[in-house]
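Listing of work-v8.txt; format and content: compact mmCIF, N, CA and C atoms.
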```txt
# COMPACT_ATOMS: atom_id res chain seq x y z
N MET A 17 218.50 63.48 126.37
CA MET A 17 218.93 64.74 125.79
C MET A 17 217.74 65.70 125.76
N SER A 18 217.95 66.92 126.22
CA SER A 18 216.87 67.90 126.22
C SER A 18 217.00 68.83 125.03
N THR A 19 215.88 69.39 124.64
CA THR A 19 215.84 70.31 123.52
C THR A 19 215.46 71.69 124.05
N ILE A 20 216.14 72.70 123.56
CA ILE A 20 215.82 74.07 123.93
C ILE A 20 214.94 74.64 122.83
N ALA A 21 213.79 75.14 123.23
CA ALA A 21 212.87 75.73 122.25
C ALA A 21 212.65 77.20 122.60
N PHE A 22 212.68 78.04 121.59
CA PHE A 22 212.45 79.46 121.76
C PHE A 22 211.33 79.88 120.84
N ASP A 23 210.50 80.78 121.31
CA ASP A 23 209.45 81.34 120.47
C ASP A 23 210.11 82.37 119.55
N GLN A 24 210.30 82.00 118.30
CA GLN A 24 211.02 82.88 117.38
C GLN A 24 210.33 84.23 117.19
N PHE A 25 209.05 84.30 117.47
CA PHE A 25 208.32 85.55 117.31
C PHE A 25 208.51 86.48 118.51
N ALA A 26 209.00 85.93 119.61
CA ALA A 26 209.23 86.73 120.81
C ALA A 26 210.65 87.29 120.84
N LEU A 27 211.49 86.88 119.90
CA LEU A 27 212.87 87.33 119.86
C LEU A 27 213.01 88.60 119.03
N THR A 28 213.91 89.48 119.46
CA THR A 28 214.26 90.63 118.64
C THR A 28 215.18 90.12 117.54
N ARG A 29 214.74 90.24 116.31
CA ARG A 29 215.50 89.75 115.16
C ARG A 29 216.48 90.84 114.74
N ILE A 30 217.74 90.67 115.16
CA ILE A 30 218.77 91.68 114.88
C ILE A 30 218.90 91.90 113.38
N ALA A 31 218.69 90.86 112.59
CA ALA A 31 218.81 90.99 111.13
C ALA A 31 217.89 92.06 110.57
N ASP A 32 216.75 92.28 111.22
CA ASP A 32 215.83 93.32 110.74
C ASP A 32 216.44 94.72 110.86
N PHE A 33 217.36 94.88 111.79
CA PHE A 33 218.03 96.17 111.99
C PHE A 33 219.34 96.25 111.21
N ALA A 34 219.83 95.10 110.73
CA ALA A 34 221.17 95.01 110.15
C ALA A 34 221.19 94.81 108.64
N ARG A 35 220.11 95.13 107.97
CA ARG A 35 220.06 94.89 106.51
C ARG A 35 221.17 95.65 105.76
N SER A 36 221.37 96.92 106.09
CA SER A 36 222.41 97.69 105.40
C SER A 36 223.80 97.13 105.70
N LEU A 37 224.02 96.74 106.94
CA LEU A 37 225.30 96.16 107.32
C LEU A 37 225.52 94.83 106.60
N SER A 38 224.51 94.01 106.51
CA SER A 38 224.63 92.74 105.80
C SER A 38 224.95 92.97 104.32
N ARG A 39 224.32 93.99 103.73
CA ARG A 39 224.62 94.31 102.32
C ARG A 39 226.07 94.77 102.16
N LEU A 40 226.57 95.53 103.13
CA LEU A 40 227.97 95.96 103.09
C LEU A 40 228.90 94.76 103.15
N HIS A 41 228.61 93.81 104.03
CA HIS A 41 229.44 92.61 104.13
C HIS A 41 229.41 91.81 102.83
N GLN A 42 228.22 91.72 102.21
CA GLN A 42 228.13 91.02 100.92
C GLN A 42 228.93 91.75 99.85
N ALA A 43 228.86 93.07 99.82
CA ALA A 43 229.61 93.86 98.84
C ALA A 43 231.10 93.72 99.06
N SER A 44 231.52 93.54 100.32
CA SER A 44 232.95 93.44 100.62
C SER A 44 233.59 92.18 100.03
N ARG A 45 232.77 91.23 99.61
CA ARG A 45 233.30 90.03 98.95
C ARG A 45 233.67 90.31 97.49
N ARG A 46 233.11 91.42 96.94
CA ARG A 46 233.35 91.77 95.55
C ARG A 46 234.23 93.00 95.39
N GLN A 47 234.21 93.87 96.39
CA GLN A 47 234.97 95.12 96.29
C GLN A 47 235.46 95.52 97.67
N ARG A 48 236.42 96.41 97.68
CA ARG A 48 236.97 96.87 98.95
C ARG A 48 235.98 97.82 99.62
N ILE A 49 235.65 97.52 100.87
CA ILE A 49 234.77 98.37 101.68
C ILE A 49 235.60 98.88 102.85
N ASP A 50 235.52 100.15 103.10
CA ASP A 50 236.26 100.79 104.18
C ASP A 50 235.78 100.24 105.53
N ASP A 51 236.74 99.84 106.39
CA ASP A 51 236.40 99.33 107.72
C ASP A 51 235.60 100.34 108.53
N ASP A 52 235.90 101.63 108.36
CA ASP A 52 235.16 102.66 109.08
C ASP A 52 233.69 102.66 108.68
N GLN A 53 233.42 102.37 107.42
CA GLN A 53 232.03 102.32 106.94
C GLN A 53 231.29 101.16 107.63
N ILE A 54 231.96 100.01 107.73
CA ILE A 54 231.35 98.86 108.41
C ILE A 54 231.16 99.17 109.89
N ASP A 55 232.16 99.81 110.52
CA ASP A 55 232.04 100.18 111.94
C ASP A 55 230.86 101.13 112.16
N ARG A 56 230.73 102.12 111.30
CA ARG A 56 229.62 103.07 111.44
C ARG A 56 228.27 102.37 111.32
N GLU A 57 228.19 101.44 110.37
CA GLU A 57 226.92 100.73 110.17
C GLU A 57 226.63 99.79 111.35
N PHE A 58 227.68 99.11 111.86
CA PHE A 58 227.51 98.26 113.05
C PHE A 58 227.02 99.10 114.22
N ASN A 59 227.62 100.27 114.40
CA ASN A 59 227.21 101.17 115.48
C ASN A 59 225.76 101.63 115.30
N ALA A 60 225.36 101.85 114.06
CA ALA A 60 223.97 102.26 113.78
C ALA A 60 223.00 101.15 114.19
N VAL A 61 223.37 99.90 113.92
CA VAL A 61 222.54 98.77 114.33
C VAL A 61 222.42 98.73 115.85
N CYS A 62 223.56 98.84 116.52
CA CYS A 62 223.57 98.81 117.99
C CYS A 62 222.74 99.95 118.58
N MET A 63 222.87 101.14 118.00
CA MET A 63 222.09 102.27 118.49
C MET A 63 220.59 102.02 118.31
N SER A 64 220.22 101.42 117.19
CA SER A 64 218.81 101.13 116.92
C SER A 64 218.22 100.14 117.91
N ILE A 65 219.03 99.18 118.33
CA ILE A 65 218.54 98.12 119.22
C ILE A 65 218.69 98.50 120.69
N TRP A 66 219.90 98.91 121.07
CA TRP A 66 220.19 99.12 122.49
C TRP A 66 220.28 100.59 122.91
N GLY A 67 220.47 101.48 121.94
CA GLY A 67 220.68 102.89 122.29
C GLY A 67 222.11 103.17 122.71
N TYR A 68 222.99 102.20 122.54
CA TYR A 68 224.41 102.30 122.88
C TYR A 68 225.22 101.55 121.82
N THR A 69 226.53 101.82 121.79
CA THR A 69 227.45 101.09 120.93
C THR A 69 228.59 100.54 121.80
N THR A 70 229.45 99.76 121.19
CA THR A 70 230.60 99.23 121.94
C THR A 70 231.58 100.34 122.32
N ASP A 71 231.45 101.51 121.72
CA ASP A 71 232.28 102.66 122.10
C ASP A 71 231.78 103.32 123.38
N ASP A 72 230.62 102.92 123.86
CA ASP A 72 229.99 103.55 125.01
C ASP A 72 230.30 102.89 126.34
N PHE A 73 231.21 101.93 126.33
CA PHE A 73 231.64 101.30 127.58
C PHE A 73 233.05 100.75 127.39
N SER A 74 233.71 100.53 128.50
CA SER A 74 235.09 100.09 128.51
C SER A 74 235.18 98.57 128.68
N ASP A 75 236.16 97.97 128.03
CA ASP A 75 236.40 96.52 128.18
C ASP A 75 236.62 96.15 129.65
N GLU A 76 237.20 97.07 130.42
CA GLU A 76 237.54 96.77 131.81
C GLU A 76 236.30 96.57 132.68
N LEU A 77 235.14 96.95 132.19
CA LEU A 77 233.92 96.77 132.97
C LEU A 77 233.45 95.31 133.00
N PHE A 78 234.02 94.49 132.12
CA PHE A 78 233.71 93.06 132.10
C PHE A 78 234.72 92.32 132.96
N SER A 79 234.27 91.26 133.60
CA SER A 79 235.15 90.44 134.43
C SER A 79 236.08 89.61 133.54
N ALA A 80 237.11 89.08 134.14
CA ALA A 80 238.03 88.18 133.42
C ALA A 80 237.26 86.96 132.90
N GLU A 81 236.29 86.50 133.67
CA GLU A 81 235.47 85.35 133.25
C GLU A 81 234.64 85.70 132.02
N ASP A 82 234.09 86.94 132.00
CA ASP A 82 233.33 87.38 130.83
C ASP A 82 234.21 87.42 129.59
N HIS A 83 235.43 87.94 129.72
CA HIS A 83 236.36 88.00 128.58
C HIS A 83 236.70 86.60 128.10
N ALA A 84 236.97 85.70 129.03
CA ALA A 84 237.30 84.32 128.64
C ALA A 84 236.12 83.67 127.94
N TRP A 85 234.93 83.90 128.46
CA TRP A 85 233.73 83.33 127.86
C TRP A 85 233.53 83.88 126.44
N LEU A 86 233.64 85.19 126.28
CA LEU A 86 233.49 85.79 124.95
C LEU A 86 234.54 85.26 123.98
N ASP A 87 235.78 85.10 124.46
CA ASP A 87 236.86 84.60 123.60
C ASP A 87 236.62 83.16 123.15
N SER A 88 235.90 82.39 123.94
CA SER A 88 235.66 80.98 123.60
C SER A 88 234.34 80.77 122.87
N LEU A 89 233.58 81.83 122.69
CA LEU A 89 232.24 81.73 122.12
C LEU A 89 232.28 81.28 120.66
N ASP A 90 231.45 80.30 120.32
CA ASP A 90 231.29 79.89 118.93
C ASP A 90 229.87 80.19 118.49
N GLU A 91 229.58 80.00 117.20
CA GLU A 91 228.28 80.38 116.66
C GLU A 91 227.13 79.65 117.34
N ALA A 92 227.28 78.38 117.61
CA ALA A 92 226.19 77.61 118.21
C ALA A 92 225.86 78.13 119.60
N HIS A 93 226.88 78.35 120.42
CA HIS A 93 226.64 78.85 121.77
C HIS A 93 226.16 80.31 121.74
N ALA A 94 226.62 81.07 120.76
CA ALA A 94 226.18 82.45 120.62
C ALA A 94 224.68 82.50 120.33
N ARG A 95 224.20 81.62 119.47
CA ARG A 95 222.77 81.59 119.14
C ARG A 95 221.93 81.29 120.37
N ILE A 96 222.39 80.34 121.18
CA ILE A 96 221.66 79.97 122.39
C ILE A 96 221.69 81.12 123.39
N PHE A 97 222.88 81.69 123.61
CA PHE A 97 223.02 82.82 124.54
C PHE A 97 222.11 83.97 124.12
N ALA A 98 222.15 84.32 122.85
CA ALA A 98 221.34 85.43 122.36
C ALA A 98 219.85 85.14 122.52
N ALA A 99 219.43 83.93 122.16
CA ALA A 99 218.02 83.57 122.27
C ALA A 99 217.55 83.59 123.72
N GLU A 100 218.38 83.13 124.63
CA GLU A 100 218.02 83.17 126.05
C GLU A 100 217.83 84.61 126.54
N ALA A 101 218.54 85.55 125.88
CA ALA A 101 218.43 86.96 126.24
C ALA A 101 217.36 87.69 125.41
N GLY A 102 216.72 86.96 124.48
CA GLY A 102 215.64 87.55 123.70
C GLY A 102 216.03 88.06 122.33
N TYR A 103 217.17 87.60 121.79
CA TYR A 103 217.65 88.08 120.50
C TYR A 103 217.89 86.91 119.54
N ASP A 104 217.73 87.19 118.26
CA ASP A 104 217.98 86.22 117.20
C ASP A 104 219.15 86.72 116.35
N LEU A 105 220.17 85.89 116.20
CA LEU A 105 221.39 86.27 115.46
C LEU A 105 221.42 85.73 114.03
N VAL A 106 220.29 85.30 113.51
CA VAL A 106 220.24 84.66 112.20
C VAL A 106 219.42 85.51 111.23
N ASP A 107 219.90 85.56 109.98
CA ASP A 107 219.11 86.19 108.92
C ASP A 107 218.71 85.12 107.92
N ASP A 108 218.25 85.50 106.77
CA ASP A 108 217.78 84.54 105.77
C ASP A 108 218.90 83.69 105.18
N HIS A 109 220.15 84.07 105.42
CA HIS A 109 221.29 83.36 104.84
C HIS A 109 222.13 82.65 105.90
N GLY A 110 221.72 82.69 107.15
CA GLY A 110 222.48 82.04 108.22
C GLY A 110 222.87 83.03 109.31
N MET A 111 223.93 82.69 110.00
CA MET A 111 224.38 83.51 111.13
C MET A 111 224.85 84.88 110.65
N LEU A 112 224.47 85.93 111.37
CA LEU A 112 224.91 87.28 111.03
C LEU A 112 226.43 87.38 111.15
N THR A 113 227.04 88.10 110.23
CA THR A 113 228.49 88.23 110.20
C THR A 113 229.04 88.81 111.51
N ASP A 114 228.35 89.75 112.08
CA ASP A 114 228.83 90.43 113.29
C ASP A 114 228.26 89.84 114.57
N TRP A 115 227.97 88.56 114.58
CA TRP A 115 227.33 87.91 115.72
C TRP A 115 228.13 88.11 117.01
N TRP A 116 229.44 88.08 116.93
CA TRP A 116 230.26 88.21 118.14
C TRP A 116 230.07 89.60 118.76
N GLY A 117 230.06 90.63 117.93
CA GLY A 117 229.85 91.98 118.43
C GLY A 117 228.48 92.14 119.07
N TYR A 118 227.47 91.49 118.49
CA TYR A 118 226.14 91.56 119.08
C TYR A 118 226.11 90.84 120.42
N CYS A 119 226.84 89.74 120.54
CA CYS A 119 226.91 89.04 121.83
C CYS A 119 227.60 89.92 122.87
N TRP A 120 228.59 90.69 122.44
CA TRP A 120 229.26 91.65 123.31
C TRP A 120 228.23 92.64 123.86
N MET A 121 227.38 93.16 122.98
CA MET A 121 226.34 94.11 123.38
C MET A 121 225.31 93.45 124.30
N ILE A 122 224.91 92.23 123.98
CA ILE A 122 223.93 91.52 124.80
C ILE A 122 224.49 91.28 126.19
N LEU A 123 225.76 90.89 126.28
CA LEU A 123 226.39 90.67 127.58
C LEU A 123 226.49 91.99 128.36
N ALA A 124 226.82 93.07 127.67
CA ALA A 124 226.88 94.39 128.33
C ALA A 124 225.51 94.75 128.89
N GLU A 125 224.47 94.48 128.11
CA GLU A 125 223.11 94.75 128.59
C GLU A 125 222.80 93.89 129.81
N LYS A 126 223.15 92.61 129.73
CA LYS A 126 222.89 91.67 130.81
C LYS A 126 223.62 92.06 132.10
N ARG A 127 224.83 92.61 131.96
CA ARG A 127 225.64 92.99 133.11
C ARG A 127 225.30 94.39 133.64
N GLY A 128 224.40 95.10 132.95
CA GLY A 128 224.03 96.44 133.39
C GLY A 128 225.08 97.49 133.06
N ILE A 129 225.90 97.20 132.07
CA ILE A 129 227.00 98.10 131.70
C ILE A 129 226.52 99.25 130.81
N LEU A 130 225.40 99.08 130.14
CA LEU A 130 224.88 100.12 129.26
C LEU A 130 224.20 101.19 130.11
N SER A 131 224.97 102.22 130.45
CA SER A 131 224.43 103.29 131.29
C SER A 131 224.99 104.63 130.85
N PRO A 132 224.29 105.71 131.14
CA PRO A 132 224.80 107.05 130.79
C PRO A 132 226.16 107.34 131.45
N GLU A 133 226.36 106.86 132.66
CA GLU A 133 227.63 107.10 133.35
C GLU A 133 228.79 106.40 132.65
N ASN A 134 228.58 105.16 132.25
CA ASN A 134 229.64 104.44 131.55
C ASN A 134 229.89 105.04 130.18
N ARG A 135 228.82 105.51 129.53
CA ARG A 135 228.98 106.17 128.22
C ARG A 135 229.84 107.42 128.38
N ALA A 136 229.55 108.26 129.38
CA ALA A 136 230.32 109.49 129.60
C ALA A 136 231.78 109.17 129.89
N ALA A 137 232.04 108.16 130.70
CA ALA A 137 233.42 107.79 131.03
C ALA A 137 234.16 107.27 129.80
N ALA A 138 233.49 106.46 129.00
CA ALA A 138 234.12 105.92 127.79
C ALA A 138 234.42 107.03 126.79
N ARG A 139 233.48 107.95 126.62
CA ARG A 139 233.70 109.07 125.69
C ARG A 139 234.83 109.97 126.17
N ALA A 140 234.92 110.20 127.47
CA ALA A 140 236.01 111.01 128.03
C ALA A 140 237.34 110.33 127.79
N ALA A 141 237.39 109.01 127.93
CA ALA A 141 238.64 108.26 127.70
C ALA A 141 239.06 108.35 126.23
N ILE A 142 238.09 108.29 125.33
CA ILE A 142 238.40 108.41 123.89
C ILE A 142 238.95 109.79 123.59
N GLU A 143 238.31 110.82 124.15
CA GLU A 143 238.77 112.19 123.94
C GLU A 143 240.19 112.37 124.50
N ASP A 144 240.46 111.84 125.68
CA ASP A 144 241.80 111.93 126.28
C ASP A 144 242.84 111.24 125.40
N LYS A 145 242.46 110.09 124.84
CA LYS A 145 243.38 109.35 123.95
C LYS A 145 243.73 110.19 122.73
N TYR A 146 242.72 110.79 122.12
CA TYR A 146 242.98 111.63 120.95
C TYR A 146 243.79 112.86 121.30
N LEU A 147 243.46 113.49 122.42
CA LEU A 147 244.17 114.71 122.82
C LEU A 147 245.63 114.42 123.17
N ALA A 148 245.94 113.20 123.57
CA ALA A 148 247.31 112.83 123.90
C ALA A 148 248.15 112.59 122.65
N ALA A 149 247.52 112.44 121.51
CA ALA A 149 248.24 112.18 120.26
C ALA A 149 248.95 113.46 119.79
N PRO A 150 250.12 113.29 119.17
CA PRO A 150 250.82 114.48 118.67
C PRO A 150 250.01 115.18 117.58
N ASN A 151 250.13 116.48 117.53
CA ASN A 151 249.49 117.31 116.51
C ASN A 151 247.97 117.40 116.62
N VAL A 152 247.38 116.95 117.73
CA VAL A 152 245.94 117.09 117.92
C VAL A 152 245.72 118.25 118.87
N ILE A 153 244.90 119.20 118.42
CA ILE A 153 244.66 120.37 119.27
C ILE A 153 243.24 120.41 119.81
N GLY A 154 242.38 119.53 119.31
CA GLY A 154 241.01 119.51 119.79
C GLY A 154 240.30 118.28 119.26
N VAL A 155 239.18 117.98 119.89
CA VAL A 155 238.36 116.84 119.50
C VAL A 155 236.93 117.34 119.36
N ILE A 156 236.33 117.08 118.22
CA ILE A 156 234.94 117.45 117.99
C ILE A 156 234.10 116.20 118.20
N VAL A 157 233.15 116.31 119.10
CA VAL A 157 232.33 115.15 119.46
C VAL A 157 230.88 115.47 119.18
N ALA A 158 230.24 114.60 118.43
CA ALA A 158 228.79 114.75 118.18
C ALA A 158 228.08 114.02 119.31
N ARG A 159 227.15 114.69 119.93
CA ARG A 159 226.43 114.06 121.04
C ARG A 159 224.97 113.98 120.72
```

File written out as structure tokens:
Amino acid sequence: MSTIAFDQFALTRIADFARSLSRLHQASRRQRIDDDQIDREFNAVCMSIWGYTTDDFSDELFSAEDHAWLDSLDEAHARIFAAEAGYDLVDDHGMLTDWWGYCWMILAEKRGILSPENRAAARAAIEDKYLAAPNVIGVIVAR
């Protein structure tokens, strides 16, 4: 049996960027926290690390094999995958709550999906979706 060893000091510790998000998840055990607030904080973490969020690319850019792999991912395999890519998914209390989303971002980075062109296409698709909704006359986008 072989052992995989990673230099923990060479890994980007996502928990260092996710302190506010982790506090929100802890608070959500005691009180109702708006999902949009958690989404905004998750996006802030992603922007801090990668400069992109999951809103900046389309699911269709991943292969069927990538989707199947992500769907079957468990915490143990996620930790190994992340560490092999240079990231740590653990904080002082264990696995980060949003580990799956971070693996999504790591895979997007690995596949070269994080690009200005994909961001522009994803944002245009979001705007089109909103504009197609009844009673919407415009979309304000912060860039």

Within 10 Å of region 40-51 of chain A, which residues of region 77-122 of chain A come that close, and what is the closest atom pair and distance in Å for each? Count only C-alpha atoms and give it as CSV.
```
residue,atom,partner,partner_atom,distance
A:Leu112,CA,A:His41,CA,9.8
A:Thr113,CA,A:His41,CA,7.5
A:Asp114,CA,A:His41,CA,9.4
```

**Atom pair CA of Val155 (chain A) / atom C of Asp75 (chain A): separation (Å)** = 23.1 Å

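For region 68-120 of chain A, backbone-based DSSP labels the following residues as strand (DSSP E): A:Tyr103, A:Asp104, A:Val106, A:Asp107, A:Gly110, A:Met111.
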
**Prompt:** If you measure from CA of Leu37 (chain A) to CA of Phe58 (chain A), what distance in Å do you get, rounded to one decimal?
**Reply:** 6.5 Å

**Request:** Kindly give the distance, in Å, that separates atom N of Gly102 (chain A) and atom C of Ala84 (chain A), rounded to a single decimal.
**Result:** 20.0 Å

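Distances here use all atoms listed in the file; by that measure, the residue among A:Val106, A:Ala140, A:Arg56, A:Ser79 closest to Ala31 (chain A) is A:Val106.
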
**Message:** Residues within 8 Å of Leu130 (chain A), please, as a ChimeraX atom specification. Count only N, CA and C atoms; anything in the same chain fewer than 4 positions from it doesn't count.
**Reply:** /A:66-69,72-73,123-126,134-135

**Item:** Selection: 8 Å around Ala99 (chain A), only N, CA and C atoms, excl. self and same-chain fewer than 3 positions, as a list in words
**Value:** Phe22, Asp23, Leu27, Thr28, His93, Ala94, Arg95, Ile96, Gly102, Tyr103, Asp104 and Leu105 of chain A

**Message:** Considering only alpha helix (DSSP H) as DSSP defines it on the backbone, what residues of region 30-127 of chain A qualify? List them as an MDAnalysis selection string.
**Reply:** chainID A and resid 35:43 51:66 80:88 91:100 115:127

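Residue nearest Ala101 (chain A) within the list A:Ile122, A:Val152, A:Val61, A:Leu89: A:Ile122 [criterion: smallest interatomic distance, only C-alpha atoms].
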
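Distances to Ile30 (chain A) were evaluated for A:Met121, A:Leu86, A:Ala92, A:Ala80 using only C-alpha atoms, and the minimum falls at A:Met121.
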
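When all atoms listed in the file are used to measure the gap to Ala60 (chain A), the shortest distance among A:Phe33, A:Ala137, A:Arg39, A:Trp116 belongs to A:Phe33.
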
Would you pull region 84-106 of chain A out of the block just shown and save N, CA, C and O atoms as a PDB file, in the first residue's frame?
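In the end it all went to part38.pdb:
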```
ATOM      1  N   ALA A  84     -19.853  13.159 -14.419  1.00  0.00           N
ATOM      2  CA  ALA A  84     -20.003  11.894 -13.691  1.00  0.00           C
ATOM      3  C   ALA A  84     -19.006  11.818 -12.544  1.00  0.00           C
ATOM      4  O   ALA A  84     -19.354  11.390 -11.429  1.00  0.00           O
ATOM      5  N   TRP A  85     -17.790  12.251 -12.799  1.00  0.00           N
ATOM      6  CA  TRP A  85     -16.767  12.231 -11.761  1.00  0.00           C
ATOM      7  C   TRP A  85     -17.150  13.159 -10.603  1.00  0.00           C
ATOM      8  O   TRP A  85     -17.067  12.775  -9.436  1.00  0.00           O
ATOM      9  N   LEU A  86     -17.579  14.377 -10.920  1.00  0.00           N
ATOM     10  CA  LEU A  86     -17.997  15.317  -9.874  1.00  0.00           C
ATOM     11  C   LEU A  86     -19.174  14.766  -9.082  1.00  0.00           C
ATOM     12  O   LEU A  86     -19.227  14.903  -7.852  1.00  0.00           O
ATOM     13  N   ASP A  87     -20.130  14.134  -9.773  1.00  0.00           N
ATOM     14  CA  ASP A  87     -21.302  13.580  -9.090  1.00  0.00           C
ATOM     15  C   ASP A  87     -20.937  12.437  -8.145  1.00  0.00           C
ATOM     16  O   ASP A  87     -21.643  12.192  -7.161  1.00  0.00           O
ATOM     17  N   SER A  88     -19.858  11.735  -8.428  1.00  0.00           N
ATOM     18  CA  SER A  88     -19.459  10.601  -7.586  1.00  0.00           C
ATOM     19  C   SER A  88     -18.432  10.975  -6.526  1.00  0.00           C
ATOM     20  O   SER A  88     -18.044  10.145  -5.706  1.00  0.00           O
ATOM     21  N   LEU A  89     -18.011  12.223  -6.526  1.00  0.00           N
ATOM     22  CA  LEU A  89     -16.943  12.668  -5.636  1.00  0.00           C
ATOM     23  C   LEU A  89     -17.365  12.622  -4.170  1.00  0.00           C
ATOM     24  O   LEU A  89     -18.454  13.069  -3.804  1.00  0.00           O
ATOM     25  N   ASP A  90     -16.510  12.055  -3.332  1.00  0.00           N
ATOM     26  CA  ASP A  90     -16.733  12.076  -1.887  1.00  0.00           C
ATOM     27  C   ASP A  90     -15.623  12.889  -1.234  1.00  0.00           C
ATOM     28  O   ASP A  90     -14.682  13.333  -1.901  1.00  0.00           O
ATOM     29  N   GLU A  91     -15.746  13.129   0.069  1.00  0.00           N
ATOM     30  CA  GLU A  91     -14.793  13.994   0.762  1.00  0.00           C
ATOM     31  C   GLU A  91     -13.360  13.490   0.671  1.00  0.00           C
ATOM     32  O   GLU A  91     -12.438  14.280   0.462  1.00  0.00           O
ATOM     33  N   ALA A  92     -13.162  12.206   0.816  1.00  0.00           N
ATOM     34  CA  ALA A  92     -11.798  11.664   0.796  1.00  0.00           C
ATOM     35  C   ALA A  92     -11.140  11.885  -0.563  1.00  0.00           C
ATOM     36  O   ALA A  92     -10.001  12.365  -0.642  1.00  0.00           O
ATOM     37  N   HIS A  93     -11.863  11.570  -1.630  1.00  0.00           N
ATOM     38  CA  HIS A  93     -11.306  11.760  -2.968  1.00  0.00           C
ATOM     39  C   HIS A  93     -11.167  13.247  -3.309  1.00  0.00           C
ATOM     40  O   HIS A  93     -10.244  13.637  -4.034  1.00  0.00           O
ATOM     41  N   ALA A  94     -12.065  14.062  -2.780  1.00  0.00           N
ATOM     42  CA  ALA A  94     -11.981  15.507  -3.006  1.00  0.00           C
ATOM     43  C   ALA A  94     -10.702  16.068  -2.388  1.00  0.00           C
ATOM     44  O   ALA A  94     -10.021  16.896  -2.999  1.00  0.00           O
ATOM     45  N   ARG A  95     -10.369  15.617  -1.189  1.00  0.00           N
ATOM     46  CA  ARG A  95      -9.145  16.096  -0.530  1.00  0.00           C
ATOM     47  C   ARG A  95      -7.909  15.748  -1.334  1.00  0.00           C
ATOM     48  O   ARG A  95      -7.012  16.567  -1.507  1.00  0.00           O
ATOM     49  N   ILE A  96      -7.874  14.530  -1.866  1.00  0.00           N
ATOM     50  CA  ILE A  96      -6.730  14.089  -2.669  1.00  0.00           C
ATOM     51  C   ILE A  96      -6.666  14.884  -3.967  1.00  0.00           C
ATOM     52  O   ILE A  96      -5.603  15.396  -4.347  1.00  0.00           O
ATOM     53  N   PHE A  97      -7.805  15.002  -4.649  1.00  0.00           N
ATOM     54  CA  PHE A  97      -7.860  15.764  -5.905  1.00  0.00           C
ATOM     55  C   PHE A  97      -7.387  17.198  -5.687  1.00  0.00           C
ATOM     56  O   PHE A  97      -6.563  17.720  -6.434  1.00  0.00           O
ATOM     57  N   ALA A  98      -7.912  17.837  -4.653  1.00  0.00           N
ATOM     58  CA  ALA A  98      -7.551  19.225  -4.375  1.00  0.00           C
ATOM     59  C   ALA A  98      -6.066  19.346  -4.058  1.00  0.00           C
ATOM     60  O   ALA A  98      -5.383  20.238  -4.572  1.00  0.00           O
ATOM     61  N   ALA A  99      -5.554  18.455  -3.224  1.00  0.00           N
ATOM     62  CA  ALA A  99      -4.140  18.508  -2.844  1.00  0.00           C
ATOM     63  C   ALA A  99      -3.237  18.297  -4.056  1.00  0.00           C
ATOM     64  O   ALA A  99      -2.212  18.983  -4.199  1.00  0.00           O
ATOM     65  N   GLU A 100      -3.613  17.385  -4.941  1.00  0.00           N
ATOM     66  CA  GLU A 100      -2.824  17.164  -6.152  1.00  0.00           C
ATOM     67  C   GLU A 100      -2.785  18.419  -7.030  1.00  0.00           C
ATOM     68  O   GLU A 100      -1.831  18.639  -7.772  1.00  0.00           O
ATOM     69  N   ALA A 101      -3.839  19.247  -6.918  1.00  0.00           N
ATOM     70  CA  ALA A 101      -3.908  20.492  -7.690  1.00  0.00           C
ATOM     71  C   ALA A 101      -3.344  21.685  -6.910  1.00  0.00           C
ATOM     72  O   ALA A 101      -3.334  22.799  -7.412  1.00  0.00           O
ATOM     73  N   GLY A 102      -2.912  21.445  -5.671  1.00  0.00           N
ATOM     74  CA  GLY A 102      -2.285  22.508  -4.887  1.00  0.00           C
ATOM     75  C   GLY A 102      -3.198  23.213  -3.910  1.00  0.00           C
ATOM     76  O   GLY A 102      -2.875  24.318  -3.457  1.00  0.00           O
ATOM     77  N   TYR A 103      -4.330  22.589  -3.549  1.00  0.00           N
ATOM     78  CA  TYR A 103      -5.301  23.220  -2.647  1.00  0.00           C
ATOM     79  C   TYR A 103      -5.596  22.325  -1.447  1.00  0.00           C
ATOM     80  O   TYR A 103      -5.567  21.099  -1.552  1.00  0.00           O
ATOM     81  N   ASP A 104      -5.926  22.961  -0.337  1.00  0.00           N
ATOM     82  CA  ASP A 104      -6.300  22.266   0.891  1.00  0.00           C
ATOM     83  C   ASP A 104      -7.759  22.596   1.201  1.00  0.00           C
ATOM     84  O   ASP A 104      -8.128  23.772   1.263  1.00  0.00           O
ATOM     85  N   LEU A 105      -8.585  21.572   1.362  1.00  0.00           N
ATOM     86  CA  LEU A 105     -10.024  21.752   1.606  1.00  0.00           C
ATOM     87  C   LEU A 105     -10.412  21.618   3.076  1.00  0.00           C
ATOM     88  O   LEU A 105     -11.591  21.473   3.385  1.00  0.00           O
ATOM     89  N   VAL A 106      -9.449  21.684   3.978  1.00  0.00           N
ATOM     90  CA  VAL A 106      -9.708  21.443   5.393  1.00  0.00           C
ATOM     91  C   VAL A 106      -9.438  22.716   6.192  1.00  0.00           C
ATOM     92  O   VAL A 106      -8.507  23.458   5.910  1.00  0.00           O
TER      93      VAL A 106
END
```
